[in-house]
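As provided, structure_9.csv (CSV, C-alpha atoms and all ligand atoms) reads as follows.
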```csv
chain,number,residue,atom,x,y,z
A,5,MET,CA,-14.0,85.7,37.9
A,6,ILE,CA,-15.8,82.9,36.1
A,7,ARG,CA,-13.7,79.7,35.8
A,8,ALA,CA,-14.2,78.2,32.4
A,9,ALA,CA,-13.3,74.9,30.8
A,10,VAL,CA,-12.8,74.5,27.0
A,11,LEU,CA,-13.4,71.1,25.5
A,12,GLY,CA,-11.7,70.1,22.3
A,13,PRO,CA,-8.9,72.7,22.3
A,14,SER,CA,-7.2,71.0,19.4
A,15,GLY,CA,-10.3,71.5,17.2
A,16,ARG,CA,-11.1,74.3,14.8
A,17,MET,CA,-13.7,75.9,17.2
A,18,GLY,CA,-12.0,74.9,20.5
A,19,ALA,CA,-8.7,76.6,19.5
A,20,ARG,CA,-10.6,79.9,18.6
A,21,VAL,CA,-12.5,79.8,21.9
A,22,ILE,CA,-9.2,79.5,23.9
A,23,GLU,CA,-7.8,82.5,22.1
A,24,LEU,CA,-10.9,84.6,22.5
A,25,LEU,CA,-11.2,83.6,26.2
A,26,ALA,CA,-7.7,84.9,26.9
A,27,ALA,CA,-8.8,88.4,25.8
A,28,ARG,CA,-11.7,88.5,28.3
A,29,SER,CA,-11.5,90.1,31.7
A,30,ASP,CA,-14.5,88.4,33.3
A,31,MET,CA,-13.5,84.8,32.6
A,32,ALA,CA,-10.3,82.7,33.1
A,33,LEU,CA,-9.4,79.4,31.5
A,34,ALA,CA,-9.4,76.8,34.3
A,35,ALA,CA,-9.2,73.6,32.2
A,36,ALA,CA,-8.6,72.5,28.7
A,37,ILE,CA,-9.9,69.0,28.1
A,38,ASP,CA,-9.6,67.0,24.8
A,39,HIS,CA,-10.0,63.4,23.6
A,40,PRO,CA,-7.1,61.3,25.1
A,41,SER,CA,-5.9,60.8,21.5
A,42,SER,CA,-5.4,64.5,20.9
A,43,PRO,CA,-1.9,65.7,20.0
A,44,LEU,CA,-2.3,68.6,22.4
A,45,ILE,CA,-2.5,66.4,25.6
A,46,GLY,CA,0.3,67.5,28.0
A,47,GLN,CA,0.9,70.7,26.1
A,48,LYS,CA,0.2,74.2,27.4
A,49,VAL,CA,-2.4,76.5,25.8
A,50,ALA,CA,-3.0,80.3,26.3
A,51,GLY,CA,-3.1,81.1,30.0
A,52,GLY,CA,-0.5,78.4,30.7
A,53,VAL,CA,-3.2,75.7,31.3
A,54,GLU,CA,-2.1,72.2,30.4
A,55,VAL,CA,-4.4,70.2,28.2
A,56,THR,CA,-5.6,66.9,29.8
A,57,GLY,CA,-7.8,64.1,28.7
A,58,ASP,CA,-9.5,63.9,32.1
A,59,LEU,CA,-13.1,65.2,32.4
A,60,ALA,CA,-12.7,65.2,36.2
A,61,GLY,CA,-11.2,68.7,35.6
A,62,LEU,CA,-14.7,70.0,35.0
A,63,ALA,CA,-15.2,69.9,38.8
A,64,GLY,CA,-12.9,72.9,39.2
A,65,CYS,CA,-15.0,75.1,36.8
A,66,ASP,CA,-18.2,77.2,36.8
A,67,VAL,CA,-18.9,76.7,33.1
A,68,TYR,CA,-17.6,74.6,30.2
A,69,ILE,CA,-17.7,75.3,26.5
A,70,ASP,CA,-18.2,72.2,24.3
A,71,PHE,CA,-17.4,72.1,20.5
A,72,THR,CA,-16.5,68.4,20.2
A,73,THR,CA,-18.5,65.4,19.0
A,74,PRO,CA,-21.8,63.9,20.2
A,75,GLU,CA,-19.8,61.3,22.2
A,76,GLY,CA,-17.7,64.0,23.7
A,77,THR,CA,-20.8,66.0,24.6
A,78,ALA,CA,-22.5,63.0,26.4
A,79,ALA,CA,-19.3,62.2,28.4
A,80,ALA,CA,-18.8,65.8,29.4
A,81,ALA,CA,-22.4,66.3,30.5
A,82,ARG,CA,-22.2,63.2,32.7
A,83,ALA,CA,-18.9,64.3,34.2
A,84,ALA,CA,-20.3,67.8,34.9
A,85,ALA,CA,-23.4,66.3,36.6
A,86,ALA,CA,-21.1,64.3,38.9
A,87,ALA,CA,-19.0,67.4,39.9
A,88,GLY,CA,-20.9,68.0,43.2
A,89,HIS,CA,-21.8,71.6,42.3
A,90,PRO,CA,-23.5,73.2,39.3
A,91,VAL,CA,-21.2,73.4,36.3
A,92,ALA,CA,-23.0,75.3,33.5
A,93,ALA,CA,-22.8,73.8,30.0
A,94,VAL,CA,-22.5,75.8,26.8
A,95,VAL,CA,-22.8,73.2,24.0
A,96,GLY,CA,-22.2,74.1,20.3
A,97,THR,CA,-21.6,70.5,19.1
A,98,THR,CA,-24.1,69.6,16.4
A,99,GLY,CA,-25.6,66.2,15.3
A,100,LEU,CA,-26.3,65.3,18.9
A,101,GLY,CA,-28.1,61.9,19.3
A,102,ARG,CA,-30.3,60.5,22.0
A,103,ASP,CA,-27.4,59.7,24.4
A,104,ALA,CA,-26.0,63.2,24.4
A,105,GLU,CA,-29.5,64.7,24.7
A,106,ALA,CA,-30.3,62.4,27.6
A,107,ALA,CA,-27.1,63.3,29.4
A,108,LEU,CA,-27.7,67.1,28.9
A,109,GLY,CA,-31.3,66.7,30.1
A,110,GLN,CA,-30.0,65.0,33.3
A,111,LEU,CA,-27.4,67.8,33.8
A,112,ALA,CA,-30.1,70.5,33.4
A,113,ARG,CA,-31.7,69.3,36.6
A,114,THR,CA,-28.8,70.6,38.6
A,115,ALA,CA,-27.1,73.2,36.3
A,116,PRO,CA,-27.9,75.7,33.6
A,117,VAL,CA,-27.5,74.2,30.1
A,118,LEU,CA,-27.6,76.0,26.8
A,119,VAL,CA,-27.4,74.1,23.5
A,120,ALA,CA,-27.1,76.2,20.3
A,121,ALA,CA,-26.7,75.1,16.8
A,122,ASN,CA,-25.3,78.5,16.0
A,123,PHE,CA,-23.9,81.2,18.3
A,124,SER,CA,-23.9,84.1,15.9
A,125,LEU,CA,-26.2,87.1,16.4
A,126,GLY,CA,-27.0,87.2,12.7
A,127,VAL,CA,-28.1,83.5,12.5
A,128,ASN,CA,-30.3,83.8,15.6
A,129,LEU,CA,-31.9,86.9,14.1
A,130,LEU,CA,-32.3,84.9,10.9
A,131,PHE,CA,-34.3,82.3,12.9
A,132,VAL,CA,-36.7,85.0,14.1
A,133,LEU,CA,-37.0,86.6,10.6
A,134,ALA,CA,-37.6,83.2,9.0
A,135,GLU,CA,-40.3,82.3,11.5
A,136,THR,CA,-42.0,85.6,10.9
A,137,ALA,CA,-41.8,85.3,7.1
A,138,ALA,CA,-43.2,81.7,7.1
A,139,ARG,CA,-46.1,82.9,9.2
A,140,ALA,CA,-46.8,86.0,7.1
A,141,LEU,CA,-46.4,84.4,3.6
A,142,GLY,CA,-48.6,81.4,4.5
A,143,ALA,CA,-49.1,77.9,2.9
A,144,THR,CA,-49.0,79.0,-0.7
A,145,PHE,CA,-45.2,79.6,-0.5
A,146,ASP,CA,-42.9,76.5,-0.7
A,147,LEU,CA,-40.1,76.5,1.9
A,148,GLU,CA,-36.6,75.3,1.2
A,149,ILE,CA,-33.3,75.7,2.9
A,150,VAL,CA,-29.8,75.4,1.3
A,151,GLU,CA,-26.7,75.2,3.5
A,152,THR,CA,-23.1,75.1,2.5
A,153,HIS,CA,-20.1,74.0,4.6
A,154,HIS,CA,-16.5,73.1,4.4
A,155,ARG,CA,-15.4,69.6,3.3
A,156,HIS,CA,-14.6,68.4,6.9
A,157,LYS,CA,-18.0,68.8,8.4
A,158,ARG,CA,-19.2,65.5,9.9
A,159,ASP,CA,-23.0,66.0,10.0
A,160,ALA,CA,-25.6,66.9,7.4
A,161,PRO,CA,-27.8,68.8,7.2
A,162,SER,CA,-26.1,71.3,9.5
A,163,GLY,CA,-27.5,71.8,13.0
A,164,THR,CA,-28.2,75.4,12.0
A,165,ALA,CA,-30.1,74.3,8.9
A,166,LEU,CA,-32.3,72.1,11.1
A,167,ALA,CA,-32.8,74.9,13.6
A,168,LEU,CA,-33.8,77.1,10.7
A,169,ALA,CA,-36.2,74.5,9.4
A,170,ARG,CA,-37.7,74.3,12.9
A,171,ALA,CA,-38.2,78.1,12.9
A,172,LEU,CA,-40.0,77.7,9.5
A,173,ALA,CA,-42.2,74.9,10.9
A,174,SER,CA,-43.0,76.9,14.0
A,175,GLY,CA,-44.1,79.9,11.8
A,176,ARG,CA,-46.4,77.5,9.9
A,177,GLY,CA,-47.7,76.0,13.1
A,178,VAL,CA,-46.6,72.4,12.2
A,179,GLU,CA,-44.3,69.8,13.6
A,180,LEU,CA,-41.0,69.7,11.7
A,181,GLU,CA,-40.7,65.9,11.8
A,182,GLU,CA,-43.9,65.6,9.8
A,183,VAL,CA,-42.9,67.9,6.9
A,184,LEU,CA,-39.0,67.7,6.7
A,185,THR,CA,-37.4,66.2,3.7
A,186,THR,CA,-33.6,65.9,3.3
A,187,GLU,CA,-33.5,63.4,0.4
A,188,ARG,CA,-34.7,63.8,-3.2
A,189,SER,CA,-33.6,61.4,-5.8
A,190,GLY,CA,-35.2,59.5,-8.7
A,191,GLU,CA,-38.9,59.7,-9.5
A,192,VAL,CA,-40.0,61.7,-6.5
A,193,GLY,CA,-43.1,63.2,-8.2
A,194,ALA,CA,-44.5,66.6,-7.6
A,195,ARG,CA,-43.6,68.5,-4.5
A,196,PRO,CA,-46.0,67.7,-1.7
A,197,ASP,CA,-47.8,70.7,-0.1
A,198,GLY,CA,-46.3,71.8,3.1
A,199,GLU,CA,-43.0,70.1,2.7
A,200,ILE,CA,-39.8,71.8,4.1
A,201,GLY,CA,-36.8,70.7,2.2
A,202,VAL,CA,-33.2,71.0,3.3
A,203,VAL,CA,-30.2,70.6,0.9
A,204,ALA,CA,-26.6,70.2,2.1
A,205,VAL,CA,-23.7,71.4,-0.1
A,206,ARG,CA,-20.1,70.4,1.1
A,207,GLY,CA,-16.8,71.6,-0.1
A,208,GLY,CA,-13.7,73.8,0.2
A,209,ASP,CA,-13.3,76.0,3.3
A,210,VAL,CA,-16.8,77.5,3.6
A,211,ILE,CA,-17.4,78.3,7.2
A,212,GLY,CA,-21.2,78.2,6.9
A,213,ASP,CA,-23.8,79.7,4.6
A,214,HIS,CA,-27.6,79.3,5.1
A,215,THR,CA,-30.5,80.5,2.9
A,216,ALA,CA,-34.2,80.1,3.5
A,217,PHE,CA,-36.2,80.2,0.3
A,218,PHE,CA,-39.9,81.2,0.3
A,219,LEU,CA,-41.0,80.2,-3.3
A,220,GLY,CA,-44.4,81.6,-4.4
A,221,GLU,CA,-46.3,82.1,-7.6
A,222,GLY,CA,-44.6,85.0,-9.4
A,223,GLU,CA,-42.3,86.0,-6.6
A,224,ARG,CA,-39.8,84.6,-4.1
A,225,VAL,CA,-38.1,85.8,-0.9
A,226,GLU,CA,-34.6,84.6,0.1
A,227,LEU,CA,-33.1,85.2,3.5
A,228,THR,CA,-29.4,84.5,3.7
A,229,HIS,CA,-26.7,84.5,6.4
A,230,ARG,CA,-23.0,83.9,5.6
A,231,ALA,CA,-20.4,83.4,8.3
A,232,GLY,CA,-17.1,85.0,7.5
A,233,SER,CA,-15.2,83.9,10.5
A,234,ARG,CA,-15.3,81.2,13.2
A,235,ASP,CA,-14.7,83.9,15.8
A,236,LEU,CA,-18.3,85.0,15.7
A,237,PHE,CA,-19.3,81.5,17.0
A,238,GLY,CA,-16.6,81.5,19.6
A,239,ALA,CA,-17.4,85.0,20.8
A,240,GLY,CA,-21.1,84.2,20.9
A,241,ALA,CA,-20.4,81.0,22.9
A,242,LEU,CA,-18.3,83.0,25.5
A,243,ARG,CA,-21.0,85.7,25.7
A,244,ALA,CA,-23.5,82.8,26.4
A,245,ALA,CA,-21.1,81.3,29.0
A,246,ALA,CA,-20.8,84.6,30.9
A,247,TRP,CA,-24.5,85.0,30.9
A,248,LEU,CA,-25.3,81.4,31.8
A,249,ALA,CA,-22.8,80.9,34.7
A,250,SER,CA,-25.0,82.6,37.3
A,251,ARG,CA,-28.4,81.3,36.1
A,252,PRO,CA,-30.5,78.7,37.9
A,253,PRO,CA,-30.6,75.1,36.6
A,254,GLY,CA,-32.6,74.5,33.5
A,255,ARG,CA,-32.5,74.7,29.7
A,256,TYR,CA,-31.7,78.0,27.9
A,257,THR,CA,-31.4,79.2,24.3
A,258,MET,CA,-29.4,81.9,22.5
A,259,ARG,CA,-32.7,83.8,22.1
A,260,ASP,CA,-32.6,84.1,26.0
A,261,VAL,CA,-29.0,85.3,25.9
A,262,LEU,CA,-29.6,87.8,23.0
A,263,GLY,CA,-33.1,88.9,24.1
A,264,LEU,CA,-34.5,88.2,20.7
B,301,LIG,P1,-13.0,69.6,15.0
B,301,LIG,O1,-13.1,68.3,14.4
B,301,LIG,O2,-12.0,70.6,14.4
B,301,LIG,O3,-12.8,69.6,16.5
B,301,LIG,C1,-13.4,68.6,17.4
B,301,LIG,C2,-12.6,68.6,18.7
B,301,LIG,O4,-13.3,67.7,19.6
B,301,LIG,C3,-11.2,68.1,18.6
B,301,LIG,O5,-10.3,68.8,19.5
B,301,LIG,C4,-11.3,66.6,19.1
B,301,LIG,O6,-10.1,66.2,19.7
B,301,LIG,C5,-12.3,66.9,20.2
B,301,LIG,N1,-13.0,65.6,20.6
B,301,LIG,C6,-13.4,64.6,19.8
B,301,LIG,N2,-14.0,63.7,20.5
B,301,LIG,C7,-13.9,64.1,21.8
B,301,LIG,C8,-14.3,63.5,23.0
B,301,LIG,N3,-15.0,62.3,23.1
B,301,LIG,N4,-14.1,64.2,24.2
B,301,LIG,C9,-13.5,65.4,24.1
B,301,LIG,N5,-13.1,66.0,23.0
B,301,LIG,C10,-13.3,65.3,21.9
B,301,LIG,O7,-14.5,70.2,14.8
B,301,LIG,P2,-15.0,71.7,14.8
B,301,LIG,O8,-15.1,72.2,13.4
B,301,LIG,O9,-14.3,72.5,15.8
B,301,LIG,O10,-16.5,71.5,15.2
B,301,LIG,C11,-16.9,70.9,16.5
B,301,LIG,C12,-18.4,70.8,16.6
B,301,LIG,O11,-18.9,72.2,16.7
B,301,LIG,C13,-19.1,70.2,15.4
B,301,LIG,O12,-20.2,69.5,15.9
B,301,LIG,C14,-19.6,71.4,14.6
B,301,LIG,O13,-20.7,71.2,13.8
B,301,LIG,C15,-19.9,72.4,15.7
B,301,LIG,N6,-19.9,73.8,15.4
B,301,LIG,C16,-20.9,74.6,16.0
B,301,LIG,C17,-21.0,75.9,15.8
B,301,LIG,C18,-22.0,76.7,16.6
B,301,LIG,O14,-22.1,78.0,16.4
B,301,LIG,N7,-22.8,76.1,17.4
B,301,LIG,C19,-20.0,76.6,15.0
B,301,LIG,C20,-19.0,75.8,14.4
B,301,LIG,C21,-19.0,74.4,14.6
```
Would you put the structure from the file into structure tokens?
Amino acid sequence: MIRAAVLGPSGRMGARVIELLAARSDMALAAAIDHPSSPLIGQKVAGGVEVTGDLAGLAGCDVYIDFTTPEGTAAAARAAAAAGHPVAAVVGTTGLGRDAEAALGQLARTAPVLVAANFSLGVNLLFVLAETAARALGATFDLEIVETHHRHKRDAPSGTALALARALASGRGVELEEVLTTERSGEVGARPDGEIGVVAVRGGDVIGDHTAFFLGEGERVELTHRAGSRDLFGAGALRAAAWLASRPPGRYTMRDVLGL
């Protein structure tokens, strides 16, 4: 039985992961850890586990699932690295900065680490299709991404949109940082060749829509994914956790888990 910790149990994603975990026979909830300010601290969640604000609880686990904030991700990775045994990390938090990336890089020396901007099978397939389309259609097609999310989302563009942009850049054989644009306002002039644009729409309760546009002369291709439930992210994260728990230390991706 895999002992799993869930971070951020009071969050939209953390709460779903706890529910979905309770239905699995290969994993048991061993710890539920939230920010000390969380209203759930001291309360019991599914499985009778009490929510704490103490990351030392990670030491009693084989794997943890993290849908929190970049600060939470950095702190958890450091606590896991100090556990004295490998604690695998499944990280879904997006908008990670240098501090969180460095902490995860350090953890990956002694434990398996998987960071995914999106855990759904469909979106990971979209990455593969988009990369293939960018390669096949070539430089005469302009590449744009439009993403739409609920009004509470903290980061923009979404981690999924940036991963999708990276797949497009990879299909083109270019570095994303050299061609990405997320801002267009005022007298921007004609569209530069090779640019990959990402536009973020925010509002309502949209869970997450992503479209990659391939805009050519006289024709266009659009590849779209729409998430209809947060459960597909939670279920994907648990699938990744079960797969990751017995792997050697290092970095992994959802493509490894899904065999894409
Ligand atoms: P949310 O605001 O509903 O929940 C965040 C949770 O993190 C809360 O429980 C909060 O108390 C907790 N938290 C905040 N700071 C913390 C800290 N320092 N230590 C521990 N816990 C802390 O957010 P959400 O909608 O659940 O999304 C969380 C993250 O997951 C976001 O970055 C979001 O973009 C990402 N996300 C990823 C996927 C995916 O498939 N990878 C899917 C959905 C959301």
Fill in: Counting all atoms listed in the file, the option among A:Ala244, A:Ala79, A:Leu172, A:Ala34 closest to A:Leu141
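Nearest to A:Leu141: A:Leu172.
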Residues within 6 Å of ligand LIG 301 (chain B), counting only C-alpha atoms and all ligand atoms: report them as a PDB file with C-alpha atoms, in the coordinates of the input.
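This went into part_9.pdb:
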```
ATOM      1  CA  LEU A  11     -13.400  71.100  25.500  1.00  0.00           C
ATOM      2  CA  GLY A  12     -11.700  70.100  22.300  1.00  0.00           C
ATOM      3  CA  PRO A  13      -8.900  72.700  22.300  1.00  0.00           C
ATOM      4  CA  SER A  14      -7.200  71.000  19.400  1.00  0.00           C
ATOM      5  CA  GLY A  15     -10.300  71.500  17.200  1.00  0.00           C
ATOM      6  CA  ARG A  16     -11.100  74.300  14.800  1.00  0.00           C
ATOM      7  CA  MET A  17     -13.700  75.900  17.200  1.00  0.00           C
ATOM      8  CA  GLY A  18     -12.000  74.900  20.500  1.00  0.00           C
ATOM      9  CA  ASP A  38      -9.600  67.000  24.800  1.00  0.00           C
ATOM     10  CA  HIS A  39     -10.000  63.400  23.600  1.00  0.00           C
ATOM     11  CA  SER A  42      -5.400  64.500  20.900  1.00  0.00           C
ATOM     12  CA  PHE A  71     -17.400  72.100  20.500  1.00  0.00           C
ATOM     13  CA  THR A  72     -16.500  68.400  20.200  1.00  0.00           C
ATOM     14  CA  THR A  73     -18.500  65.400  19.000  1.00  0.00           C
ATOM     15  CA  GLU A  75     -19.800  61.300  22.200  1.00  0.00           C
ATOM     16  CA  GLY A  76     -17.700  64.000  23.700  1.00  0.00           C
ATOM     17  CA  GLY A  96     -22.200  74.100  20.300  1.00  0.00           C
ATOM     18  CA  THR A  97     -21.600  70.500  19.100  1.00  0.00           C
ATOM     19  CA  THR A  98     -24.100  69.600  16.400  1.00  0.00           C
ATOM     20  CA  ALA A 120     -27.100  76.200  20.300  1.00  0.00           C
ATOM     21  CA  ALA A 121     -26.700  75.100  16.800  1.00  0.00           C
ATOM     22  CA  ASN A 122     -25.300  78.500  16.000  1.00  0.00           C
ATOM     23  CA  PHE A 123     -23.900  81.200  18.300  1.00  0.00           C
ATOM     24  CA  PHE A 237     -19.300  81.500  17.000  1.00  0.00           C
TER      25      PHE A 237
END
```
Worksheet entry | Interatomic distance, atom CA of A:Ala167 to atom CA of A:Leu111 (Å, one decimal) | 22.1 Å
Applying 9 Å and all atoms listed in the file, which residues near A:Gln110 remain after dropping the ones on its own chain fewer than 3 positions away? List them as an mmCIF file with C-alpha atoms, in the frame of the given file.
```
data_model
loop_
_atom_site.group_PDB
_atom_site.id
_atom_site.type_symbol
_atom_site.label_atom_id
_atom_site.label_comp_id
_atom_site.auth_asym_id
_atom_site.auth_seq_id
_atom_site.Cartn_x
_atom_site.Cartn_y
_atom_site.Cartn_z
ATOM 1 C CA ALA A 81 -22.400 66.300 30.500
ATOM 2 C CA ARG A 82 -22.200 63.200 32.700
ATOM 3 C CA ALA A 85 -23.400 66.300 36.600
ATOM 4 C CA GLU A 105 -29.500 64.700 24.700
ATOM 5 C CA ALA A 106 -30.300 62.400 27.600
ATOM 6 C CA ALA A 107 -27.100 63.300 29.400
ATOM 7 C CA ARG A 113 -31.700 69.300 36.600
ATOM 8 C CA THR A 114 -28.800 70.600 38.600
#
```
Worksheet item: Within 7 Å of A:Ile69, counting only C-alpha atoms, which residues qualify if same-chain residues fewer than 4 places away don't, as a PyMOL selection string?
Response: chain A and resi 9-11+93-95
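The space separating atom CA of A:Arg243 from atom CA of A:Ala134 comes to 23.7 Å.
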Item to complete: Dump as a PyMOL selection string all residues having an atom at most 8 Å from (-27.7, 71.0, 0.1), computed in the file's coordinates with all atoms listed in the file.
Response: chain A and resi 149-152+161+202-206
Worksheet entry | Among the residues A:Val225, A:Phe145, A:Arg234, A:Asp159, the one that comes closest to A:Arg195 [using only C-alpha atoms] | A:Phe145
Item to complete: Could you check how far atom CA of A:Val53 sits from atom CA of A:Ala241, in Å to one decimal?
Response: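 If I compute the distance from atom CA of A:Val53 to atom CA of A:Ala241, I get 19.9 Å.
When all atoms listed in the file are used to compute distances to A:Gly222, the closest of the residues A:Leu130, A:Val21, A:Thr144, A:Tyr68 turns out to be A:Thr144.
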Worksheet item: In file coordinates, which residues lie within 6 Å of (-32.6, 78.6, 15.5) using all atoms listed in the file, given as number ranges by chain?
Response: A: 128, 131, 167-168
Worksheet item: Which residues, written as an MDAnalysis selection string, have at least one atom at most 6 Å from A:Ile45, with only C-alpha atoms counted and residues fewer than 2 positions away on the same chain left out?
Response: chainID A and resid 42:43 47 55:56
Fill in: Nearest residue to A:Arg102 from the set A:Gly88, A:Pro74, A:Gly57, A:Gly46 (distances using all atoms listed in the file)
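Closest candidate: A:Pro74.
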Worksheet entry | Pick from A:Ser174, A:Ser250, A:Thr257, A:Thr186, whichever lies nearest to A:Ala138 using only C-alpha atoms |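 Checking each candidate against A:Ala138, we get A:Ser174 as the closest.
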